[in-house]
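*Asks:* I am sharing final10.pdb, which consists of PDB, C-alpha atoms:
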ATOM      1  CA  MET A   1      83.375  57.303  68.009
ATOM      2  CA  ARG A   2      81.224  55.851  65.259
ATOM      3  CA  GLN A   3      79.637  59.146  64.224
ATOM      4  CA  ASN A   4      82.992  60.941  63.907
ATOM      5  CA  ARG A   5      84.874  57.842  62.692
ATOM      6  CA  ILE A   6      87.362  58.065  65.548
ATOM      7  CA  GLY A   7      89.778  55.144  65.428
ATOM      8  CA  ILE A   8      91.847  55.934  68.517
ATOM      9  CA  LEU A   9      90.412  57.907  71.441
ATOM     10  CA  ALA A  10      92.456  58.905  74.489
ATOM     11  CA  LEU A  11      90.547  59.111  77.769
ATOM     12  CA  GLN A  12      91.462  60.781  81.046
ATOM     13  CA  GLU A  13      90.059  60.586  84.578
ATOM     14  CA  THR A  14      88.655  57.157  83.759
ATOM     15  CA  HIS A  15      88.429  56.008  87.409
ATOM     16  CA  LEU A  16      87.530  52.482  86.284
ATOM     17  CA  THR A  17      87.958  49.463  88.521
ATOM     18  CA  LYS A  18      88.947  46.226  86.807
ATOM     19  CA  LYS A  19      85.388  44.969  87.244
ATOM     20  CA  ALA A  20      83.915  48.106  85.671
ATOM     21  CA  LEU A  21      86.436  48.010  82.812
ATOM     22  CA  ASP A  22      85.621  44.362  82.094
ATOM     23  CA  GLU A  23      81.913  45.194  82.089
ATOM     24  CA  VAL A  24      82.357  48.064  79.616
ATOM     25  CA  ASN A  25      84.482  45.918  77.306
ATOM     26  CA  ARG A  26      81.946  43.101  77.515
ATOM     27  CA  THR A  27      79.015  45.416  76.783
ATOM     28  CA  TYR A  28      80.674  47.037  73.749
ATOM     29  CA  LYS A  29      82.792  44.090  72.620
ATOM     30  CA  LYS A  30      81.606  44.346  69.007
ATOM     31  CA  GLN A  31      82.326  48.055  68.692
ATOM     32  CA  MET A  32      85.416  48.870  70.743
ATOM     33  CA  VAL A  33      87.941  47.855  73.361
ATOM     34  CA  ILE A  34      89.287  50.029  76.189
ATOM     35  CA  ILE A  35      92.853  49.630  77.439
ATOM     36  CA  GLN A  36      93.427  51.422  80.736
ATOM     37  CA  SER A  37      96.254  52.404  83.046
ATOM     38  CA  SER A  38      94.995  53.073  86.561
ATOM     39  CA  ASP A  39      96.415  54.153  89.889
ATOM     40  CA  PRO A  40      97.290  50.836  91.609
ATOM     41  CA  ASP A  41      96.600  52.306  95.045
ATOM     42  CA  ASN A  42      93.365  54.131  94.245
ATOM     43  CA  THR A  43      91.324  53.392  91.119
ATOM     44  CA  GLY A  44      89.033  56.291  92.033
ATOM     45  CA  SER A  45      91.903  58.653  91.272
ATOM     46  CA  LYS A  46      93.632  59.446  87.991
ATOM     47  CA  GLY A  47      93.213  56.920  85.166
ATOM     48  CA  VAL A  48      94.230  57.207  81.515
ATOM     49  CA  ALA A  49      93.085  54.939  78.697
ATOM     50  CA  PHE A  50      92.750  54.315  74.984
ATOM     51  CA  ALA A  51      89.431  53.376  73.385
ATOM     52  CA  LEU A  52      89.995  51.595  70.073
ATOM     53  CA  ASN A  53      87.344  51.411  67.374
ATOM     54  CA  LYS A  54      87.346  47.767  66.281
ATOM     55  CA  ARG A  55      85.875  48.692  62.899
ATOM     56  CA  LEU A  56      88.735  51.043  62.016
ATOM     57  CA  VAL A  57      91.987  49.869  63.623
ATOM     58  CA  ALA A  58      93.941  46.620  64.004
ATOM     59  CA  TRP A  59      93.164  46.473  67.721
ATOM     60  CA  GLU A  60      94.196  42.831  68.196
ATOM     61  CA  GLU A  61      97.820  43.675  67.324
ATOM     62  CA  THR A  62      98.083  46.519  69.829
ATOM     63  CA  LYS A  63     101.000  46.821  72.239
ATOM     64  CA  THR A  64     100.883  49.061  75.320
ATOM     65  CA  LYS A  65     103.357  50.223  77.931
ATOM     66  CA  GLU A  66     102.705  52.112  81.156
ATOM     67  CA  LEU A  67     105.119  54.996  81.592
ATOM     68  CA  GLU A  68     103.394  56.201  84.769
ATOM     69  CA  PRO A  69     100.375  54.327  86.174
ATOM     70  CA  GLY A  70      97.203  56.349  85.835
ATOM     71  CA  ARG A  71      99.074  59.199  84.143
ATOM     72  CA  ALA A  72     100.879  58.105  80.965
ATOM     73  CA  LEU A  73     100.059  55.176  78.675
ATOM     74  CA  LEU A  74     101.914  54.343  75.453
ATOM     75  CA  LEU A  75     100.146  52.575  72.576
ATOM     76  CA  THR A  76     101.696  51.055  69.451
ATOM     77  CA  ILE A  77      99.352  49.857  66.710
ATOM     78  CA  PRO A  78      99.739  48.815  63.028
ATOM     79  CA  TRP A  79      99.546  51.761  60.637
ATOM     80  CA  ARG A  80      99.712  52.199  56.862
ATOM     81  CA  ASN A  81      99.884  49.605  54.130
ATOM     82  CA  GLN A  82     103.622  49.013  54.415
ATOM     83  CA  GLY A  83     103.408  47.272  57.785
ATOM     84  CA  LYS A  84     104.497  50.319  59.778
ATOM     85  CA  THR A  85     103.151  51.248  63.188
ATOM     86  CA  ILE A  86     101.901  54.377  64.917
ATOM     87  CA  THR A  87     102.814  55.123  68.526
ATOM     88  CA  ALA A  88     100.619  57.391  70.645
ATOM     89  CA  LEU A  89     101.219  58.593  74.184
ATOM     90  CA  ALA A  90      98.105  59.475  76.199
ATOM     91  CA  VAL A  91      98.628  61.636  79.265
ATOM     92  CA  TYR A  92      96.622  62.933  82.190
ATOM     93  CA  ALA A  93      98.982  65.407  83.815
ATOM     94  CA  PRO A  94      98.658  66.467  87.479
ATOM     95  CA  ASN A  95      96.913  69.785  88.105
ATOM     96  CA  ILE A  96      99.192  70.717  91.016
ATOM     97  CA  GLN A  97     101.998  72.830  89.576
ATOM     98  CA  LYS A  98     104.972  71.111  91.238
ATOM     99  CA  GLU A  99     103.617  67.666  90.367
ATOM    100  CA  ASN A 100     102.929  68.825  86.815
ATOM    101  CA  GLU A 101     106.525  69.994  86.458
ATOM    102  CA  ARG A 102     107.849  66.698  87.862
ATOM    103  CA  PHE A 103     105.591  64.694  85.523
ATOM    104  CA  TRP A 104     107.033  66.248  82.348
ATOM    105  CA  ASN A 105     110.560  66.022  83.718
ATOM    106  CA  ASP A 106     110.151  62.311  84.511
ATOM    107  CA  LEU A 107     108.824  61.583  81.018
ATOM    108  CA  ASP A 108     111.712  63.510  79.476
ATOM    109  CA  ASN A 109     114.197  61.499  81.544
ATOM    110  CA  LYS A 110     112.631  58.223  80.408
ATOM    111  CA  TYR A 111     113.179  59.186  76.776
ATOM    112  CA  PHE A 112     116.651  60.524  77.504
ATOM    113  CA  GLU A 113     117.597  57.150  79.008
ATOM    114  CA  GLY A 114     116.231  55.343  75.934
ATOM    115  CA  GLY A 115     114.440  52.038  75.525
ATOM    116  CA  VAL A 116     110.992  53.626  75.236
ATOM    117  CA  PRO A 117     109.283  53.907  71.823
ATOM    118  CA  ARG A 118     109.050  57.531  70.728
ATOM    119  CA  PRO A 119     105.489  58.696  70.122
ATOM    120  CA  ASP A 120     104.255  59.995  66.787
ATOM    121  CA  ILE A 121     101.396  61.601  68.706
ATOM    122  CA  LEU A 122     101.143  62.993  72.252
ATOM    123  CA  LEU A 123      97.623  63.767  73.424
ATOM    124  CA  GLY A 124      95.481  64.256  76.490
ATOM    125  CA  ASP A 125      94.763  66.607  79.369
ATOM    126  CA  PHE A 126      97.959  68.575  80.048
ATOM    127  CA  ASN A 127      96.512  70.624  82.931
ATOM    128  CA  MET A 128      98.668  73.557  81.799
ATOM    129  CA  VAL A 129      99.102  75.748  78.739
ATOM    130  CA  GLU A 130     102.178  77.012  76.921
ATOM    131  CA  GLU A 131     100.918  80.477  75.977
ATOM    132  CA  PRO A 132      98.741  83.133  77.685
ATOM    133  CA  ILE A 133      96.422  83.103  74.642
ATOM    134  CA  ASP A 134      95.304  79.621  75.707
ATOM    135  CA  ARG A 135      93.645  80.959  78.859
ATOM    136  CA  LEU A 136      90.699  83.289  79.395
ATOM    137  CA  PRO A 137      91.420  85.684  81.004
ATOM    138  CA  PRO A 138      94.869  85.465  79.333
ATOM    139  CA  HIS A 139      97.800  84.710  81.628
ATOM    140  CA  GLY A 140     100.911  82.580  81.541
ATOM    141  CA  ASP A 141     101.386  79.337  83.459
ATOM    142  CA  ALA A 142     104.273  78.427  85.755
ATOM    143  CA  ILE A 143     107.497  78.814  83.774
ATOM    144  CA  ALA A 144     109.005  75.611  85.191
ATOM    145  CA  SER A 145     106.128  73.426  83.923
ATOM    146  CA  VAL A 146     106.166  75.100  80.513
ATOM    147  CA  GLU A 147     109.927  74.618  80.179
ATOM    148  CA  ARG A 148     109.753  70.943  81.188
ATOM    149  CA  LEU A 149     107.004  70.232  78.629
ATOM    150  CA  ARG A 150     108.895  72.086  75.906
ATOM    151  CA  ALA A 151     112.045  70.107  76.684
ATOM    152  CA  LEU A 152     110.057  66.894  76.191
ATOM    153  CA  LYS A 153     108.497  68.217  72.968
ATOM    154  CA  ASP A 154     111.898  69.214  71.610
ATOM    155  CA  ARG A 155     113.374  65.821  72.399
ATOM    156  CA  LEU A 156     110.506  64.049  70.644
ATOM    157  CA  HIS A 157     110.168  66.614  67.810
ATOM    158  CA  LEU A 158     106.475  67.223  68.472
ATOM    159  CA  PHE A 159     104.299  70.162  67.426
ATOM    160  CA  ASP A 160     100.971  71.536  68.668
ATOM    161  CA  GLY A 161      98.873  70.758  65.598
ATOM    162  CA  TRP A 162      95.920  73.044  66.241
ATOM    163  CA  ARG A 163      98.114  75.993  67.208
ATOM    164  CA  GLN A 164     100.268  75.489  64.093
ATOM    165  CA  GLU A 165      97.148  75.996  61.978
ATOM    166  CA  ASN A 166      95.711  78.775  64.168
ATOM    167  CA  PRO A 167      98.668  80.812  65.474
ATOM    168  CA  THR A 168      96.631  83.763  66.796
ATOM    169  CA  LYS A 169      93.170  82.339  67.416
ATOM    170  CA  PRO A 170      91.866  81.962  71.004
ATOM    171  CA  ARG A 171      89.900  78.757  71.560
ATOM    172  CA  TYR A 172      89.290  76.732  74.707
ATOM    173  CA  THR A 173      88.483  73.134  75.630
ATOM    174  CA  TYR A 174      87.644  73.451  79.322
ATOM    175  CA  VAL A 175      85.391  75.769  81.339
ATOM    176  CA  GLN A 176      85.966  75.957  85.081
ATOM    177  CA  ASP A 177      82.836  75.789  87.212
ATOM    178  CA  GLY A 178      82.135  78.836  89.320
ATOM    179  CA  SER A 179      84.663  81.276  87.901
ATOM    180  CA  GLY A 180      83.852  80.652  84.233
ATOM    181  CA  SER A 181      87.562  80.772  83.398
ATOM    182  CA  GLN A 182      88.475  78.843  80.251
ATOM    183  CA  SER A 183      91.601  77.149  78.963
ATOM    184  CA  ARG A 184      92.967  74.982  76.152
ATOM    185  CA  ILE A 185      94.506  72.341  78.393
ATOM    186  CA  ASP A 186      93.429  69.478  76.093
ATOM    187  CA  ARG A 187      95.751  69.200  73.103
ATOM    188  CA  ILE A 188      97.246  66.912  70.459
ATOM    189  CA  TYR A 189     100.915  67.122  69.493
ATOM    190  CA  ALA A 190     102.338  65.311  66.471
ATOM    191  CA  THR A 191     105.601  64.841  64.597
ATOM    192  CA  LYS A 192     106.279  66.787  61.406
ATOM    193  CA  ASP A 193     105.520  63.753  59.206
ATOM    194  CA  PHE A 194     102.141  63.273  60.821
ATOM    195  CA  MET A 195     101.419  66.999  60.722
ATOM    196  CA  GLU A 196     101.970  67.009  56.959
ATOM    197  CA  ASN A 197      99.435  64.202  56.538
ATOM    198  CA  SER A 198      96.722  65.545  58.809
ATOM    199  CA  ARG A 199      93.610  67.684  58.655
ATOM    200  CA  GLY A 200      90.476  68.519  60.614
ATOM    201  CA  TRP A 201      92.172  69.956  63.703
ATOM    202  CA  THR A 202      89.295  71.073  65.922
ATOM    203  CA  SER A 203      87.397  70.338  69.121
ATOM    204  CA  ILE A 204      83.832  69.117  69.521
ATOM    205  CA  ILE A 205      81.280  68.750  72.299
ATOM    206  CA  SER A 206      81.579  65.259  73.753
ATOM    207  CA  GLY A 207      77.844  64.624  73.963
ATOM    208  CA  ILE A 208      78.201  63.500  77.594
ATOM    209  CA  ALA A 209      76.061  65.745  79.796
ATOM    210  CA  THR A 210      78.443  65.606  82.778
ATOM    211  CA  ALA A 211      81.633  66.226  80.756
ATOM    212  CA  ASP A 212      83.265  69.635  81.214
ATOM    213  CA  HIS A 213      85.917  69.168  78.519
ATOM    214  CA  ARG A 214      85.558  69.345  74.747
ATOM    215  CA  VAL A 215      87.006  66.520  72.654
ATOM    216  CA  VAL A 216      90.048  67.551  70.613
ATOM    217  CA  ILE A 217      90.208  65.712  67.292
ATOM    218  CA  ALA A 218      92.430  65.485  64.233
ATOM    219  CA  GLN A 219      92.481  63.193  61.228
ATOM    220  CA  PHE A 220      95.720  61.484  60.265
ATOM    221  CA  PHE A 221      95.897  59.585  56.997
ATOM    222  CA  ASP A 222      98.251  57.551  54.869
ATOM    223  CA  PRO A 223      98.908  59.421  51.594
ATOM    224  CA  GLY A 224      99.436  56.079  49.847
ATOM    225  CA  SER A 225      96.195  54.460  50.966
ATOM    226  CA  PRO A 226      93.372  53.805  48.458
ATOM    227  CA  PHE A 227      90.287  56.018  48.338
ATOM    228  CA  ILE A 228      87.457  54.801  50.563
ATOM    229  CA  GLY A 229      83.952  56.115  49.975
ATOM    230  CA  LYS A 230      81.319  57.086  52.508
ATOM    231  CA  GLY A 231      80.015  53.545  52.810
ATOM    232  CA  ARG A 232      76.465  52.368  53.437
ATOM    233  CA  TRP A 233      73.955  54.804  54.898
ATOM    234  CA  ALA A 234      72.989  54.130  58.514
ATOM    235  CA  MET A 235      70.475  55.768  60.800
ATOM    236  CA  PRO A 236      72.038  58.237  63.219
ATOM    237  CA  GLU A 237      71.561  57.104  66.820
ATOM    238  CA  THR A 238      69.715  60.322  67.672
ATOM    239  CA  ILE A 239      66.782  59.323  65.458
ATOM    240  CA  LEU A 240      66.071  56.370  67.763
ATOM    241  CA  SER A 241      64.896  58.739  70.505
ATOM    242  CA  ASP A 242      62.834  60.957  68.185
ATOM    243  CA  PRO A 243      59.150  60.736  69.296
ATOM    244  CA  GLU A 244      57.863  61.061  65.729
ATOM    245  CA  PHE A 245      60.081  58.213  64.543
ATOM    246  CA  ILE A 246      59.249  55.989  67.529
ATOM    247  CA  LYS A 247      55.526  56.429  66.890
ATOM    248  CA  PHE A 248      55.910  55.599  63.188
ATOM    249  CA  ALA A 249      58.213  52.613  63.793
ATOM    250  CA  THR A 250      55.859  51.171  66.426
ATOM    251  CA  LYS A 251      52.808  51.538  64.182
ATOM    252  CA  LYS A 252      54.532  49.977  61.165
ATOM    253  CA  GLY A 253      56.036  47.264  63.346
ATOM    254  CA  LEU A 254      52.609  46.168  64.524
ATOM    255  CA  GLU A 255      51.386  46.211  60.922
ATOM    256  CA  ALA A 256      54.369  44.071  59.881
ATOM    257  CA  VAL A 257      53.614  41.505  62.595
ATOM    258  CA  GLU A 258      50.006  41.332  61.445
ATOM    259  CA  SER A 259      50.906  41.050  57.752
ATOM    260  CA  ALA A 260      53.390  38.262  58.504
ATOM    261  CA  LYS A 261      50.442  36.054  59.377
ATOM    262  CA  THR A 262      49.352  35.976  55.738
ATOM    263  CA  ARG A 263      52.643  36.503  53.851
ATOM    264  CA  ASN A 264      56.279  35.471  53.939
ATOM    265  CA  VAL A 265      57.907  36.688  57.168
ATOM    266  CA  GLN A 266      61.091  37.783  55.398
ATOM    267  CA  GLU A 267      59.110  39.842  52.897
ATOM    268  CA  ALA A 268      57.193  41.508  55.739
ATOM    269  CA  LEU A 269      60.465  42.336  57.498
ATOM    270  CA  ALA A 270      62.027  43.699  54.300
ATOM    271  CA  THR A 271      59.016  45.963  53.746
ATOM    272  CA  TYR A 272      59.207  47.170  57.348
ATOM    273  CA  LYS A 273      62.903  48.017  56.990
ATOM    274  CA  LEU A 274      62.233  50.030  53.847
ATOM    275  CA  GLN A 275      59.415  51.902  55.572
ATOM    276  CA  ILE A 276      61.367  52.914  58.673
ATOM    277  CA  ASN A 277      64.497  53.770  56.676
ATOM    278  CA  GLY A 278      62.429  56.021  54.442
ATOM    279  CA  GLU A 279      60.729  57.686  57.394
ATOM    280  CA  ALA A 280      64.066  58.209  59.158
ATOM    281  CA  ARG A 281      65.484  59.941  56.081
ATOM    282  CA  ASP A 282      62.386  62.161  55.800
ATOM    283  CA  ILE A 283      62.553  63.204  59.471
ATOM    284  CA  ILE A 284      66.244  63.994  59.153
ATOM    285  CA  LYS A 285      65.603  66.130  56.063
ATOM    286  CA  ARG A 286      62.777  68.002  57.815
ATOM    287  CA  ASN A 287      64.237  68.563  61.269
ATOM    288  CA  TYR A 288      67.978  68.104  61.443
ATOM    289  CA  PRO A 289      69.000  70.984  59.137
ATOM    290  CA  LYS A 290      67.151  73.319  61.540
ATOM    291  CA  ILE A 291      69.007  71.862  64.526
ATOM    292  CA  GLN A 292      72.334  72.103  62.713
ATOM    293  CA  GLU A 293      71.574  75.686  61.723
ATOM    294  CA  ARG A 294      70.967  76.594  65.372
ATOM    295  CA  LEU A 295      74.208  74.885  66.412
ATOM    296  CA  ASP A 296      76.132  76.655  63.643
ATOM    297  CA  ASN A 297      74.691  80.004  64.708
ATOM    298  CA  LEU A 298      75.687  79.382  68.324
ATOM    299  CA  GLN A 299      79.194  78.387  67.240
ATOM    300  CA  ASN A 300      79.490  81.515  65.075
ATOM    301  CA  ASP A 301      78.337  83.696  67.976
ATOM    302  CA  LEU A 302      80.918  82.058  70.252
ATOM    303  CA  GLU A 303      83.720  82.635  67.741
ATOM    304  CA  LYS A 304      82.741  86.305  67.343
ATOM    305  CA  ILE A 305      82.966  86.749  71.117
ATOM    306  CA  LEU A 306      86.347  85.018  71.415
ATOM    307  CA  ASP A 307      87.798  86.842  68.385
ATOM    308  CA  SER A 308      86.520  90.295  69.364
ATOM    309  CA  PRO A 309      89.441  92.766  69.578
ATOM    310  CA  THR A 310      87.428  95.250  71.652
ATOM    311  CA  MET A 311      85.688  93.075  74.262
ATOM    312  CA  ALA A 312      87.399  92.921  77.656
ATOM    313  CA  PRO A 313      88.648  89.470  78.816
ATOM    314  CA  GLN A 314      86.223  89.358  81.761
ATOM    315  CA  ASP A 315      83.315  90.095  79.403
ATOM    316  CA  LYS A 316      84.505  87.391  76.997
ATOM    317  CA  ARG A 317      84.646  84.937  79.875
ATOM    318  CA  LYS A 318      81.074  85.650  80.984
ATOM    319  CA  SER A 319      79.574  85.764  77.486
ATOM    320  CA  SER A 320      81.310  82.651  76.131
ATOM    321  CA  ALA A 321      80.572  80.589  79.244
ATOM    322  CA  ALA A 322      76.883  81.413  78.883
TER
END
Take the structure I supplied and represent it as structure tokens, if you would.
*Replies:*
Amino acid sequence: MRQNRIGILALQETHLTKKALDEVNRTYKKQMVIIQSSDPDNTGSKGVAFALNKRLVAWEETKTKELEPGRALLLTIPWRNQGKTITALAVYAPNIQKENERFWNDLDNKYFEGGVPRPDILLGDFNMVEEPIDRLPPHGDAIASVERLRALKDRLHLFDGWRQENPTKPRYTYVQDGSGSQSRIDRIYATKDFMENSRGWTSIISGIATADHRVVIAQFFDPGSPFIGKGRWAMPETILSDPEFIKFATKKGLEAVESAKTRNVQEALATYKLQINGEARDIIKRNYPKIQERLDNLQNDLEKILDSPTMAPQDKRKSSAA
């Protein structure tokens, strides 16, 4: 969240007990807070949540409403300079077709009846797709589920942001174990106003080794807000596990402790900070462009496979999963 400056993150399949949730919030109390909706009968099932970056959003003024425990959680939070708010609806839809259809129908009925804040953004794991292009191999989903979701979208005036910008491009957020089939079941929908003030629609690797979904991201901004620069430089967390950096930091740390015996402790600490910051920057300049180049090459290769007009779907599935 810090690296990508994510203010609001929707989570699915959280499976957190109250004790575990309290522990996470206590451990990361300076950085973020997690607000969860869980299955009251079985916390090991379902679970949808919002993680709020305390450095970027007015988290203390947040209001939430459960629309379906463990499946749909509504968040309202202050937004823009004029005292307005943003409302986001996080969902974790059932993967069984009939239940998926019922889920969208129930949400649509709730908004038809009124009394529920309309979301500016709808996001999460939909466990279905609207178009065959969003599956590899390409195929359509159950018509009933698609129609129920579209009815909800129409009522709320929501648009698939990534697909609006990429009407013919095949991309996927989830790879199924075993078969290698892929799908774009993770999506973000937004109203027209938010679409017009958005950018950076993409998906990224989560960085969690056990995660089988990519993280879908988009940047929404207030056109009337003042310009904010990049801010103070900070070491990337990855440098802290770099063997070369650890060796240097340990050596200079021992030297700083020794020098503090004959000089001002604060001066010794200041010198040490300058030394490790300088070394961190040097290591990043030497090594990280090579890593990024390899990642960029892999991403380019993946896009060539997915965009190939001649490669058969089954070959795309095998090659892109590898």
*Asks:* Stretch 159-246 of chain A near stretch 130-145 of chain A within 7 Å: what's each residue's closest atom pair and its distance in Å to one decimal, counting all atoms listed in the file, ordered by chain then ascending residue number, as JSON lines?
*Replies:*
{"residue": "A:Pro170", "atom": "CA", "partner": "A:Ile133", "partner_atom": "CA", "distance": 5.9}
{"residue": "A:Arg171", "atom": "CA", "partner": "A:Asp134", "partner_atom": "CA", "distance": 6.9}
{"residue": "A:Tyr172", "atom": "CA", "partner": "A:Asp134", "partner_atom": "CA", "distance": 6.7}
{"residue": "A:Ser181", "atom": "CA", "partner": "A:Leu136", "partner_atom": "CA", "distance": 5.7}
{"residue": "A:Gln182", "atom": "CA", "partner": "A:Leu136", "partner_atom": "CA", "distance": 5.0}
{"residue": "A:Ser183", "atom": "CA", "partner": "A:Arg135", "partner_atom": "CA", "distance": 4.3}
{"residue": "A:Arg184", "atom": "CA", "partner": "A:Asp134", "partner_atom": "CA", "distance": 5.2}
*Asks:* What does the PyMOL selection byres ((chain A and resi 101-108) around 9) select in this file, as a count of residues only?
*Replies:* 29
*Asks:* What separation in Å, quoted to one decimal, exists between atom CA of A:Gln36 and atom CA of A:Val48?
*Replies:*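 Those two atoms sit 5.9 Å apart.
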*Asks:* Enclose stretch 153-166 of chain A, meaning all of its atoms listed in the file, in a box aligned along x, y and z, pad it by 8 Å on each side, and list the centre and edge lengths in Å to one decimal, as lines of an AutoDock Vina configuration file.
*Replies:*
center_x = 104.5
center_y = 71.4
center_z = 67.5
size_x = 33.7
size_y = 30.7
size_z = 27.0
*Asks:* Evaluating the PyMOL selection byres ((chain A and resi 50) around 8) on the displayed file yields which residues, as JSON, numbers by chain?
*Replies:* {"A": [8, 9, 10, 11, 34, 35, 36, 48, 49, 51, 52, 75, 90]}
*Asks:* Restricting the calculation to only C-alpha atoms: of A:Asp160, A:Thr87, A:Tyr174, A:Tyr288, which residue gets closest to A:Ser206?
*Replies:*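 The closest residue to A:Ser206 is A:Tyr174.
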*Asks:* List every residue of stretch 209-260 of chain A that has an atom at most 10 Å from any atom of stretch 271-286 of chain A, giving for each one its closest atom pair and the distance in Å to one decimal, counting all atoms listed in the file, sorted by chain and then by ascending residue number, as a Markdown table.
*Replies:*
| residue | atom | partner | partner_atom | distance |
| --- | --- | --- | --- | --- |
| A:Trp233 | CA | A:Asn277 | CA | 9.7 |
| A:Ala234 | CA | A:Asn277 | CA | 8.7 |
| A:Met235 | CA | A:Ala280 | CA | 7.1 |
| A:Pro236 | CA | A:Ala280 | CA | 8.9 |
| A:Thr238 | CA | A:Ile284 | CA | 9.9 |
| A:Ile239 | CA | A:Ala280 | CA | 7.0 |
| A:Leu240 | CA | A:Ala280 | CA | 9.0 |
| A:Asp242 | CA | A:Ile283 | CA | 9.0 |
| A:Glu244 | CA | A:Ile283 | CA | 8.1 |
| A:Phe245 | CA | A:Ala280 | CA | 6.7 |
| A:Ile246 | CA | A:Ile276 | CA | 9.6 |
| A:Phe248 | CA | A:Ile276 | CA | 7.6 |
| A:Ala249 | CA | A:Ile276 | CA | 6.0 |
| A:Thr250 | CA | A:Ile276 | CA | 9.7 |
| A:Lys252 | CA | A:Tyr272 | CA | 6.7 |
| A:Gly253 | CA | A:Tyr272 | CA | 6.8 |
| A:Leu254 | CA | A:Tyr272 | CA | 9.8 |
| A:Glu255 | CA | A:Tyr272 | CA | 8.7 |
| A:Ala256 | CA | A:Tyr272 | CA | 6.3 |
| A:Val257 | CA | A:Tyr272 | CA | 9.5 |
*Asks:* One decimal, Å: what's the distance from atom CA of A:Ala88 over to atom CA of A:Thr64, could you say?
*Replies:*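 Pair atom CA of A:Ala88 / atom CA of A:Thr64 returns 9.6 Å.
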*Asks:* Interatomic distance between atom CA of A:Thr173 and atom CA of A:Tyr189?
*Replies:*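 Computed distance, atom CA of A:Thr173 to atom CA of A:Tyr189, equals 15.1 Å.
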*Asks:* Counting all atoms listed in the file, which residue out of A:Ala218, A:Ala209, A:Ala260, A:Leu158 sits closest to A:Asn197?
*Replies:* A:Ala218
*Asks:* Which residue out of A:Gly7, A:Gly124, A:Pro289, A:Pro167 has the minimum interatomic distance to A:Arg214 when all atoms listed in the file are used?
*Replies:*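 Closest to A:Arg214, using all atoms listed in the file: A:Gly124.
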*Asks:* If we count all atoms listed in the file and set the cut-off at 10 Å, which residues sit around A:Asp186, ignoring sequence neighbours fewer than 6 positions away in its own chain? Please answer as a PyMOL selection string.
*Replies:* chain A and resi 91-92+123-129+172-174+203+213-216
*Asks:* Care to translate the PyMOL selection byres ((chain A and resi 33) around 10) into actual residues of this file, as a list in words?
*Replies:*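 What the PyMOL selection byres ((chain A and resi 33) around 10) grabs from the file is Leu21, Asp22, Val24, Asn25, Arg26, Thr27, Tyr28, Lys29, Lys30, Gln31, Met32, Ile34, Ile35, Gln36, Phe50, Ala51, Leu52, Asn53, Lys54, Trp59 and Glu60 of chain A.
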*Asks:* Could the residues in this selection be saved with C-alpha atoms as a CSV table (one decimal), keeping the file's coordinate frame?
*Replies:*
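Contents of selection.csv, freshly written:
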chain,number,residue,atom,x,y,z
A,21,LEU,CA,86.4,48.0,82.8
A,22,ASP,CA,85.6,44.4,82.1
A,24,VAL,CA,82.4,48.1,79.6
A,25,ASN,CA,84.5,45.9,77.3
A,26,ARG,CA,81.9,43.1,77.5
A,27,THR,CA,79.0,45.4,76.8
A,28,TYR,CA,80.7,47.0,73.7
A,29,LYS,CA,82.8,44.1,72.6
A,30,LYS,CA,81.6,44.3,69.0
A,31,GLN,CA,82.3,48.1,68.7
A,32,MET,CA,85.4,48.9,70.7
A,34,ILE,CA,89.3,50.0,76.2
A,35,ILE,CA,92.9,49.6,77.4
A,36,GLN,CA,93.4,51.4,80.7
A,50,PHE,CA,92.8,54.3,75.0
A,51,ALA,CA,89.4,53.4,73.4
A,52,LEU,CA,90.0,51.6,70.1
A,53,ASN,CA,87.3,51.4,67.4
A,54,LYS,CA,87.3,47.8,66.3
A,59,TRP,CA,93.2,46.5,67.7
A,60,GLU,CA,94.2,42.8,68.2
*Asks:* Can you pull out every residue within 12 Å of A:Ala190, counting only C-alpha atoms, but drop anything in the same chain fewer than 3 positions away, and send it as a ChimeraX atom specification?
*Replies:* /A:86-89,118-123,153-154,156-164,187,193-199,201,218-220
